[in-house]
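Structure first, then comments.
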Amino acid sequence: MSKPTINQIWEWLDSVPDPEIPVISVVDLGIVRDVNWDLDMLEVSVTPTYSGCPATTVISRDIEAALRDRGVKKVRIKTKISPAWTTDWLSKKGRLNLEKYGIATPQATGRPAHCPRCKSENVEKVSQFGSTPCKAQWRCTDCLEPFDYFKCI
Amino acid sequence: MADPLFEFLLRQGDNTLVLGHRISEWCGMAPVLEEDIALANTALDLIGQTQMWLGLAGEVESGGRTADDLAYHRDVWDFRSLLLMEQPSGDFGQTIMRQFLFDAFQVENLNWLQGSAHPRIAEIATKSLKEASYHLDRSRDTVVALGDGTPESHSRMQAALDLLWPFAGEMFICDDVDIALSSEGIAPDPSLLRGAWDATVTQALNEGTLTAPGGAFAQKGGKDGSRHSEHLGHMLATMQFLPRAYPDARW
């Protein structure tokens with residue numbers, strides 16, 4: 001098999017879902033920082049979202065498995081902590097999918113723009129932390145539904 | 001003196017490790033679900049930071065020890081964490097007060113370290129600071145809310161403050177390790193962080209109608225490992241049990 005192009009690799013990686021938020025890919029999340037061939041070894045640089053996020057190990061394994069399934073024999077995952085991950089790296093597609101899934105997208109103001117369900121701007125914080133390290137819990141005071149907010153960091 | 005860089009990295013990693021383990025003790029036991037989740041998430045951040053600090057400590061030592069080796073196979077006297085970190089979690093107020101007193105220090109510490117002359121330290125600090133700032137937002141808000149809350153919550157927060165205050169001073173002690181590293185621009189002179197810490201803490205305590213005890217007496221002996229309290233040994237007995245009893249255990 002000839003070496004797949006870097007673009008092809010990025011496309012494949014874009015089909016690897018985040019294990020905890022499966023509507024976005026690891027590429028959408030902005031944690032794949034670099035893809036490079038080192039002779040016949042494919043090196044993928046991954047940055048953790050939060051330093052203790054338990055999904056990080058699973059993500060590295062999923063990336064490796066996805067590439068092997070497509071015939072890439074030698075894969076090396078490199079952890080890269082600098083520059084530190086920021087929610088600015090979330091892709092547009094990722095943001096749209098988060099919103100459709102019911103997770104409010106990160107905002108520089110530090111609070112959700114609106115309820116992902118009914119779009120009301122009347123929302124209040126329930127807790128600074130949510131079901132995963134990257135999210136907080138908010139509630140809509142109009143439709144009364146609680147929802148996750150992807151923290152802006 | 002032992003290698004100051006190694007000592008310094010142990011101090012950073014042991015602080016986050018011991019505090020991270022302490023707050024993980026709340027997992028499944030916090031007063032409400034949201035707080036349970038918040039404490040567990042904070043613990044995760046701290047353990048993640050520990051992996052970076054102790055990982056680098058192992059590299060610097062060049063003896064082949066990993067972050068796990070350092071976390072699970074050292075005894076009390078080899079730990080370099082502040083005495084404040086190992087204090088028992090007590091009630092929820094005590095847990096939050098311990099967290100706040102440390103968070104207010106750690107944000108200043110990491111903020112300085114972002115510009116460290118040691119690039120790896122600067123990277124870890126930059127990554128950790130985002131998380132630490134978020135922790136401070138929450139612990140500060142909670143200290144204010146409970147301090148200025150019901151008579152019951154107020155008295156518990158005041159009692160927590162009175163109990164923990166003597167342990168705060170150790171954060172600002174500048175010893176030979178600090179002098180060696182600050183002269184190279186690698187780490188701050190901790191005594192210079194006190195002003196900013198005082199400002200953050202005083203304002204929050206005022207808003208929370210809490211009164212800091214007077215006096216400058218500081219318990220010390222944690223960061224140099226010379227006089228840990230008995231609490232750390234008990235904590236390590238729990239934390240280190242599995243890897244010591246089953247050294248080859250794997251997930």
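In the structure tokens, the first chain shown is A, the next is B, and so on; residue numbers restart at 1 for each chain, and ligands run from 1 in the order shown.
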Contact set, chain B to chain A: 12 Å, only C-alpha atoms, as a PDB file with N, CA and C atoms, in the first residue's frame:
ATOM      1  N   THR B  16      -0.268  19.020  44.321  1.00  0.00           N
ATOM      2  CA  THR B  16      -1.466  18.698  43.548  1.00  0.00           C
ATOM      3  C   THR B  16      -1.910  17.250  43.812  1.00  0.00           C
ATOM      4  N   LEU B  17      -0.938  16.372  44.068  1.00  0.00           N
ATOM      5  CA  LEU B  17      -1.291  14.972  44.335  1.00  0.00           C
ATOM      6  C   LEU B  17      -2.042  14.827  45.662  1.00  0.00           C
ATOM      7  N   GLY B  20      -5.343  16.640  45.516  1.00  0.00           N
ATOM      8  CA  GLY B  20      -6.216  15.905  44.601  1.00  0.00           C
ATOM      9  C   GLY B  20      -6.771  14.651  45.257  1.00  0.00           C
ATOM     10  N   VAL B  32     -24.397  17.532  47.920  1.00  0.00           N
ATOM     11  CA  VAL B  32     -25.342  17.484  46.794  1.00  0.00           C
ATOM     12  C   VAL B  32     -24.596  16.997  45.556  1.00  0.00           C
ATOM     13  N   LEU B  33     -25.347  16.514  44.581  1.00  0.00           N
ATOM     14  CA  LEU B  33     -24.752  15.910  43.393  1.00  0.00           C
ATOM     15  C   LEU B  33     -23.809  16.867  42.661  1.00  0.00           C
ATOM     16  N   GLU B  34     -24.235  18.132  42.516  1.00  0.00           N
ATOM     17  CA  GLU B  34     -23.417  19.102  41.773  1.00  0.00           C
ATOM     18  C   GLU B  34     -22.047  19.278  42.430  1.00  0.00           C
ATOM     19  N   GLU B  35     -22.050  19.297  43.760  1.00  0.00           N
ATOM     20  CA  GLU B  35     -20.777  19.478  44.468  1.00  0.00           C
ATOM     21  C   GLU B  35     -19.921  18.230  44.362  1.00  0.00           C
ATOM     22  N   ASP B  36     -20.582  17.081  44.357  1.00  0.00           N
ATOM     23  CA  ASP B  36     -19.864  15.828  44.209  1.00  0.00           C
ATOM     24  C   ASP B  36     -19.109  15.834  42.873  1.00  0.00           C
ATOM     25  N   ILE B  37     -19.834  16.232  41.820  1.00  0.00           N
ATOM     26  CA  ILE B  37     -19.247  16.282  40.479  1.00  0.00           C
ATOM     27  C   ILE B  37     -18.133  17.325  40.424  1.00  0.00           C
ATOM     28  N   ALA B  38     -18.381  18.468  41.045  1.00  0.00           N
ATOM     29  CA  ALA B  38     -17.390  19.547  41.018  1.00  0.00           C
ATOM     30  C   ALA B  38     -16.108  19.115  41.722  1.00  0.00           C
ATOM     31  N   LEU B  39     -16.254  18.477  42.883  1.00  0.00           N
ATOM     32  CA  LEU B  39     -15.066  18.045  43.625  1.00  0.00           C
ATOM     33  C   LEU B  39     -14.301  16.974  42.848  1.00  0.00           C
ATOM     34  N   ALA B  40     -15.049  16.041  42.256  1.00  0.00           N
ATOM     35  CA  ALA B  40     -14.385  14.972  41.498  1.00  0.00           C
ATOM     36  C   ALA B  40     -13.654  15.547  40.288  1.00  0.00           C
ATOM     37  N   ASN B  41     -14.266  16.530  39.634  1.00  0.00           N
ATOM     38  CA  ASN B  41     -13.615  17.140  38.473  1.00  0.00           C
ATOM     39  C   ASN B  41     -12.370  17.929  38.869  1.00  0.00           C
ATOM     40  N   THR B  42     -12.454  18.616  40.002  1.00  0.00           N
ATOM     41  CA  THR B  42     -11.290  19.356  40.488  1.00  0.00           C
ATOM     42  C   THR B  42     -10.166  18.372  40.819  1.00  0.00           C
ATOM     43  N   ALA B  43     -10.532  17.262  41.446  1.00  0.00           N
ATOM     44  CA  ALA B  43      -9.541  16.236  41.778  1.00  0.00           C
ATOM     45  C   ALA B  43      -8.876  15.721  40.500  1.00  0.00           C
ATOM     46  N   LEU B  44      -9.670  15.496  39.462  1.00  0.00           N
ATOM     47  CA  LEU B  44      -9.121  15.013  38.188  1.00  0.00           C
ATOM     48  C   LEU B  44      -8.095  15.991  37.627  1.00  0.00           C
ATOM     49  N   ASP B  45      -8.449  17.267  37.627  1.00  0.00           N
ATOM     50  CA  ASP B  45      -7.502  18.279  37.135  1.00  0.00           C
ATOM     51  C   ASP B  45      -6.195  18.196  37.916  1.00  0.00           C
ATOM     52  N   LEU B  46      -6.324  18.106  39.243  1.00  0.00           N
ATOM     53  CA  LEU B  46      -5.125  18.115  40.087  1.00  0.00           C
ATOM     54  C   LEU B  46      -4.272  16.867  39.850  1.00  0.00           C
ATOM     55  N   ILE B  47      -4.919  15.730  39.667  1.00  0.00           N
ATOM     56  CA  ILE B  47      -4.156  14.500  39.415  1.00  0.00           C
ATOM     57  C   ILE B  47      -3.493  14.583  38.030  1.00  0.00           C
ATOM     58  N   GLY B  48      -4.203  15.176  37.074  1.00  0.00           N
ATOM     59  CA  GLY B  48      -3.610  15.364  35.743  1.00  0.00           C
ATOM     60  C   GLY B  48      -2.380  16.248  35.816  1.00  0.00           C
ATOM     61  N   GLN B  49      -2.476  17.308  36.611  1.00  0.00           N
ATOM     62  CA  GLN B  49      -1.317  18.204  36.778  1.00  0.00           C
ATOM     63  C   GLN B  49      -0.176  17.461  37.476  1.00  0.00           C
ATOM     64  N   THR B  50      -0.547  16.602  38.409  1.00  0.00           N
ATOM     65  CA  THR B  50       0.465  15.805  39.113  1.00  0.00           C
ATOM     66  C   THR B  50       1.277  14.964  38.129  1.00  0.00           C
ATOM     67  N   GLN B  51       0.572  14.364  37.159  1.00  0.00           N
ATOM     68  CA  GLN B  51       1.274  13.521  36.182  1.00  0.00           C
ATOM     69  C   GLN B  51       2.328  14.335  35.431  1.00  0.00           C
ATOM     70  N   MET B  52       1.986  15.586  35.129  1.00  0.00           N
ATOM     71  CA  MET B  52       2.963  16.419  34.404  1.00  0.00           C
ATOM     72  C   MET B  52       4.138  16.788  35.306  1.00  0.00           C
ATOM     73  N   TRP B  53       3.854  17.227  36.550  1.00  0.00           N
ATOM     74  CA  TRP B  53       4.941  17.651  37.455  1.00  0.00           C
ATOM     75  C   TRP B  53       5.834  16.482  37.841  1.00  0.00           C
ATOM     76  N   GLN B 114       4.492  30.641  34.461  1.00  0.00           N
ATOM     77  CA  GLN B 114       4.259  30.698  33.005  1.00  0.00           C
ATOM     78  C   GLN B 114       5.437  31.334  32.286  1.00  0.00           C
ATOM     79  N   PRO B 119      11.681  26.024  30.086  1.00  0.00           N
ATOM     80  CA  PRO B 119      10.524  25.969  29.178  1.00  0.00           C
ATOM     81  C   PRO B 119       9.494  24.892  29.530  1.00  0.00           C
ATOM     82  N   ARG B 120       9.948  23.747  30.013  1.00  0.00           N
ATOM     83  CA  ARG B 120       8.993  22.678  30.348  1.00  0.00           C
ATOM     84  C   ARG B 120       8.115  23.090  31.531  1.00  0.00           C
ATOM     85  N   ILE B 121       8.733  23.769  32.502  1.00  0.00           N
ATOM     86  CA  ILE B 121       7.956  24.247  33.654  1.00  0.00           C
ATOM     87  C   ILE B 121       6.944  25.290  33.187  1.00  0.00           C
ATOM     88  N   ALA B 122       7.382  26.166  32.294  1.00  0.00           N
ATOM     89  CA  ALA B 122       6.478  27.202  31.778  1.00  0.00           C
ATOM     90  C   ALA B 122       5.277  26.562  31.062  1.00  0.00           C
ATOM     91  N   GLU B 123       5.532  25.488  30.307  1.00  0.00           N
ATOM     92  CA  GLU B 123       4.434  24.798  29.592  1.00  0.00           C
ATOM     93  C   GLU B 123       3.422  24.196  30.557  1.00  0.00           C
ATOM     94  N   ILE B 124       3.945  23.523  31.584  1.00  0.00           N
ATOM     95  CA  ILE B 124       3.039  22.874  32.546  1.00  0.00           C
ATOM     96  C   ILE B 124       2.231  23.940  33.287  1.00  0.00           C
ATOM     97  N   ALA B 125       2.901  25.039  33.640  1.00  0.00           N
ATOM     98  CA  ALA B 125       2.213  26.100  34.369  1.00  0.00           C
ATOM     99  C   ALA B 125       1.104  26.721  33.517  1.00  0.00           C
ATOM    100  N   THR B 126       1.395  26.927  32.236  1.00  0.00           N
ATOM    101  CA  THR B 126       0.406  27.552  31.352  1.00  0.00           C
ATOM    102  C   THR B 126      -0.830  26.667  31.230  1.00  0.00           C
ATOM    103  N   LYS B 127      -0.576  25.362  31.091  1.00  0.00           N
ATOM    104  CA  LYS B 127      -1.686  24.405  31.006  1.00  0.00           C
ATOM    105  C   LYS B 127      -2.480  24.388  32.314  1.00  0.00           C
ATOM    106  N   SER B 128      -1.772  24.333  33.440  1.00  0.00           N
ATOM    107  CA  SER B 128      -2.432  24.197  34.744  1.00  0.00           C
ATOM    108  C   SER B 128      -3.172  25.455  35.166  1.00  0.00           C
ATOM    109  N   LEU B 129      -2.655  26.604  34.743  1.00  0.00           N
ATOM    110  CA  LEU B 129      -3.242  27.863  35.213  1.00  0.00           C
ATOM    111  C   LEU B 129      -4.706  28.005  34.788  1.00  0.00           C
ATOM    112  N   LYS B 130      -5.021  27.525  33.580  1.00  0.00           N
ATOM    113  CA  LYS B 130      -6.413  27.623  33.113  1.00  0.00           C
ATOM    114  C   LYS B 130      -7.335  26.896  34.091  1.00  0.00           C
ATOM    115  N   GLU B 131      -6.872  25.725  34.524  1.00  0.00           N
ATOM    116  CA  GLU B 131      -7.696  24.916  35.436  1.00  0.00           C
ATOM    117  C   GLU B 131      -7.726  25.539  36.829  1.00  0.00           C
ATOM    118  N   ALA B 132      -6.559  26.007  37.294  1.00  0.00           N
ATOM    119  CA  ALA B 132      -6.472  26.577  38.633  1.00  0.00           C
ATOM    120  C   ALA B 132      -7.335  27.845  38.756  1.00  0.00           C
ATOM    121  N   SER B 133      -7.375  28.640  37.693  1.00  0.00           N
ATOM    122  CA  SER B 133      -8.186  29.864  37.738  1.00  0.00           C
ATOM    123  C   SER B 133      -9.656  29.508  37.897  1.00  0.00           C
ATOM    124  N   TYR B 134     -10.059  28.455  37.207  1.00  0.00           N
ATOM    125  CA  TYR B 134     -11.450  28.006  37.307  1.00  0.00           C
ATOM    126  C   TYR B 134     -11.739  27.482  38.717  1.00  0.00           C
ATOM    127  N   HIS B 135     -10.772  26.769  39.288  1.00  0.00           N
ATOM    128  CA  HIS B 135     -10.953  26.276  40.662  1.00  0.00           C
ATOM    129  C   HIS B 135     -11.105  27.447  41.621  1.00  0.00           C
ATOM    130  N   LEU B 136     -10.275  28.471  41.411  1.00  0.00           N
ATOM    131  CA  LEU B 136     -10.338  29.630  42.313  1.00  0.00           C
ATOM    132  C   LEU B 136     -11.691  30.335  42.205  1.00  0.00           C
ATOM    133  N   ASP B 137     -12.200  30.482  40.986  1.00  0.00           N
ATOM    134  CA  ASP B 137     -13.529  31.103  40.823  1.00  0.00           C
ATOM    135  C   ASP B 137     -14.549  30.402  41.707  1.00  0.00           C
ATOM    136  N   ARG B 138     -14.505  29.081  41.635  1.00  0.00           N
ATOM    137  CA  ARG B 138     -15.520  28.315  42.337  1.00  0.00           C
ATOM    138  C   ARG B 138     -15.289  28.313  43.843  1.00  0.00           C
ATOM    139  N   SER B 139     -14.038  28.078  44.292  1.00  0.00           N
ATOM    140  CA  SER B 139     -13.817  28.008  45.738  1.00  0.00           C
ATOM    141  C   SER B 139     -14.061  29.381  46.375  1.00  0.00           C
ATOM    142  N   ASP B 141     -16.204  31.778  45.254  1.00  0.00           N
ATOM    143  CA  ASP B 141     -17.656  31.976  45.311  1.00  0.00           C
ATOM    144  C   ASP B 141     -18.282  31.187  46.454  1.00  0.00           C
ATOM    145  N   THR B 142     -17.801  29.963  46.640  1.00  0.00           N
ATOM    146  CA  THR B 142     -18.407  29.103  47.660  1.00  0.00           C
ATOM    147  C   THR B 142     -18.051  29.592  49.065  1.00  0.00           C
TER     148      THR B 142
END
Inset, instruction - Identify, with DSSP run on backbone atoms, the residues in region 82-147 of chain A assigned to alpha helix (DSSP H), and express the list as a list in words. - result: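 The alpha helix (DSSP H) residues within region 82-147 of chain A come out as Lys92, Lys93, Gly94, Arg95, Leu96, Asn97, Leu98, Glu99, Lys100 and Tyr101 of chain A.
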Legend entry - Atom-to-atom span, CA of Tyr72 (chain B) and CA of Gln240 (chain B), Å: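 Atom-to-atom, CA of Tyr72 (chain B) to CA of Gln240 (chain B), that is 5.1 Å.
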Inset, instruction - Rounded to one decimal place, report the CA of His118 (chain B)-CA of Asp178 (chain B) distance in Å. - result: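 Atom-to-atom, CA of His118 (chain B) to CA of Asp178 (chain B), that is 14.2 Å.
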Legend entry - Selected residue, from A:Val16, A:Cys152, A:Val75, A:Val44, that lies nearest to Pro112 (chain A) when counting only C-alpha atoms: A:Cys152
Inset, instruction - May I have the residues within 8 Å of Asn15 (chain B) as a PyMOL selection string, using only C-alpha atoms and disregarding those fewer than 2 positions away in the same chain? - result: chain B and resi 11-13+17-19+80-82+85
Legend entry - Expected answer as a PyMOL selection string: strand (DSSP E or B) residues in chain A: chain A and resi 17+25+32-38+41-46+75-79+103-104+123-127+135-140+146-150
Convert the current residue selection to file output with C-alpha atoms, as a tab-separated table (two decimals), in the first residue's frame.
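Result went into out19.tsv, see below:
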chain	number	residue	atom	x	y	z
A	17	PRO	CA	-15.65	10.53	17.55
A	25	SER	CA	-14.79	14.29	16.12
A	32	VAL	CA	-5.17	16.73	17.02
A	33	ARG	CA	-2.39	19.25	16.57
A	34	ASP	CA	-0.17	17.72	13.96
A	35	VAL	CA	0.12	14.77	11.60
A	36	ASN	CA	3.48	13.86	10.08
A	37	TRP	CA	5.23	11.01	8.37
A	38	ASP	CA	8.56	10.09	9.90
A	41	MET	CA	6.02	5.91	10.97
A	42	LEU	CA	2.95	8.14	11.21
A	43	GLU	CA	3.27	10.56	14.07
A	44	VAL	CA	0.08	12.14	15.45
A	45	SER	CA	0.41	14.92	18.03
A	46	VAL	CA	-2.49	15.10	20.45
A	75	VAL	CA	1.52	4.90	14.43
A	76	ARG	CA	3.09	6.94	17.18
A	77	ILE	CA	0.90	9.19	19.36
A	78	LYS	CA	2.76	12.13	20.80
A	79	THR	CA	1.32	14.14	23.68
A	103	ILE	CA	-24.76	21.36	24.39
A	104	ALA	CA	-24.36	25.14	24.48
A	123	VAL	CA	-30.41	31.00	31.43
A	124	GLU	CA	-28.81	30.48	34.83
A	125	LYS	CA	-25.84	28.52	36.12
A	126	VAL	CA	-26.54	25.40	38.15
A	127	SER	CA	-22.95	24.31	38.72
A	135	LYS	CA	-18.63	21.20	30.65
A	136	ALA	CA	-20.69	23.12	33.22
A	137	GLN	CA	-24.37	22.73	34.10
A	138	TRP	CA	-26.85	25.45	33.21
A	139	ARG	CA	-30.64	25.71	33.14
A	140	CYS	CA	-33.08	27.60	30.96
A	146	PRO	CA	-31.19	21.82	32.27
A	147	PHE	CA	-28.39	21.66	29.71
A	148	ASP	CA	-24.65	21.28	29.40
A	149	TYR	CA	-22.49	24.29	28.55
A	150	PHE	CA	-19.07	23.70	26.98
Legend entry - Between CA of Val177 (chain B) and CA of Ala57 (chain B), distance in Å (one decimal): 14.5 Å
Residues near Glu170 (chain B), anyone? I mean within 9 Å using only C-alpha atoms, not counting same-chain ones fewer than 2 positions away, as a short mmCIF file (atom, residue, chain, number, x, y, z; two decimals) with C-alpha atoms, in the first residue's frame.
data_model
loop_
_atom_site.label_atom_id
_atom_site.label_comp_id
_atom_site.auth_asym_id
_atom_site.auth_seq_id
_atom_site.Cartn_x
_atom_site.Cartn_y
_atom_site.Cartn_z
CA LEU B 82 2.58 21.75 52.06
CA LEU B 83 1.09 20.82 55.43
CA LEU B 84 -2.14 22.53 54.34
CA PRO B 166 -1.79 28.64 60.71
CA PHE B 167 -1.08 26.33 57.76
CA ALA B 168 -1.29 29.10 55.16
CA PHE B 172 5.28 31.81 51.41
CA ILE B 173 8.38 30.49 53.14
CA CYS B 174 11.46 30.98 50.97
CA ALA B 218 2.98 29.46 60.57
CA GLN B 219 3.19 25.68 60.88
CA LYS B 220 6.01 24.44 58.70
CA GLY B 221 7.87 21.29 57.73
CA GLY B 222 5.79 20.00 54.80
CA LYS B 223 7.52 21.45 51.77
#
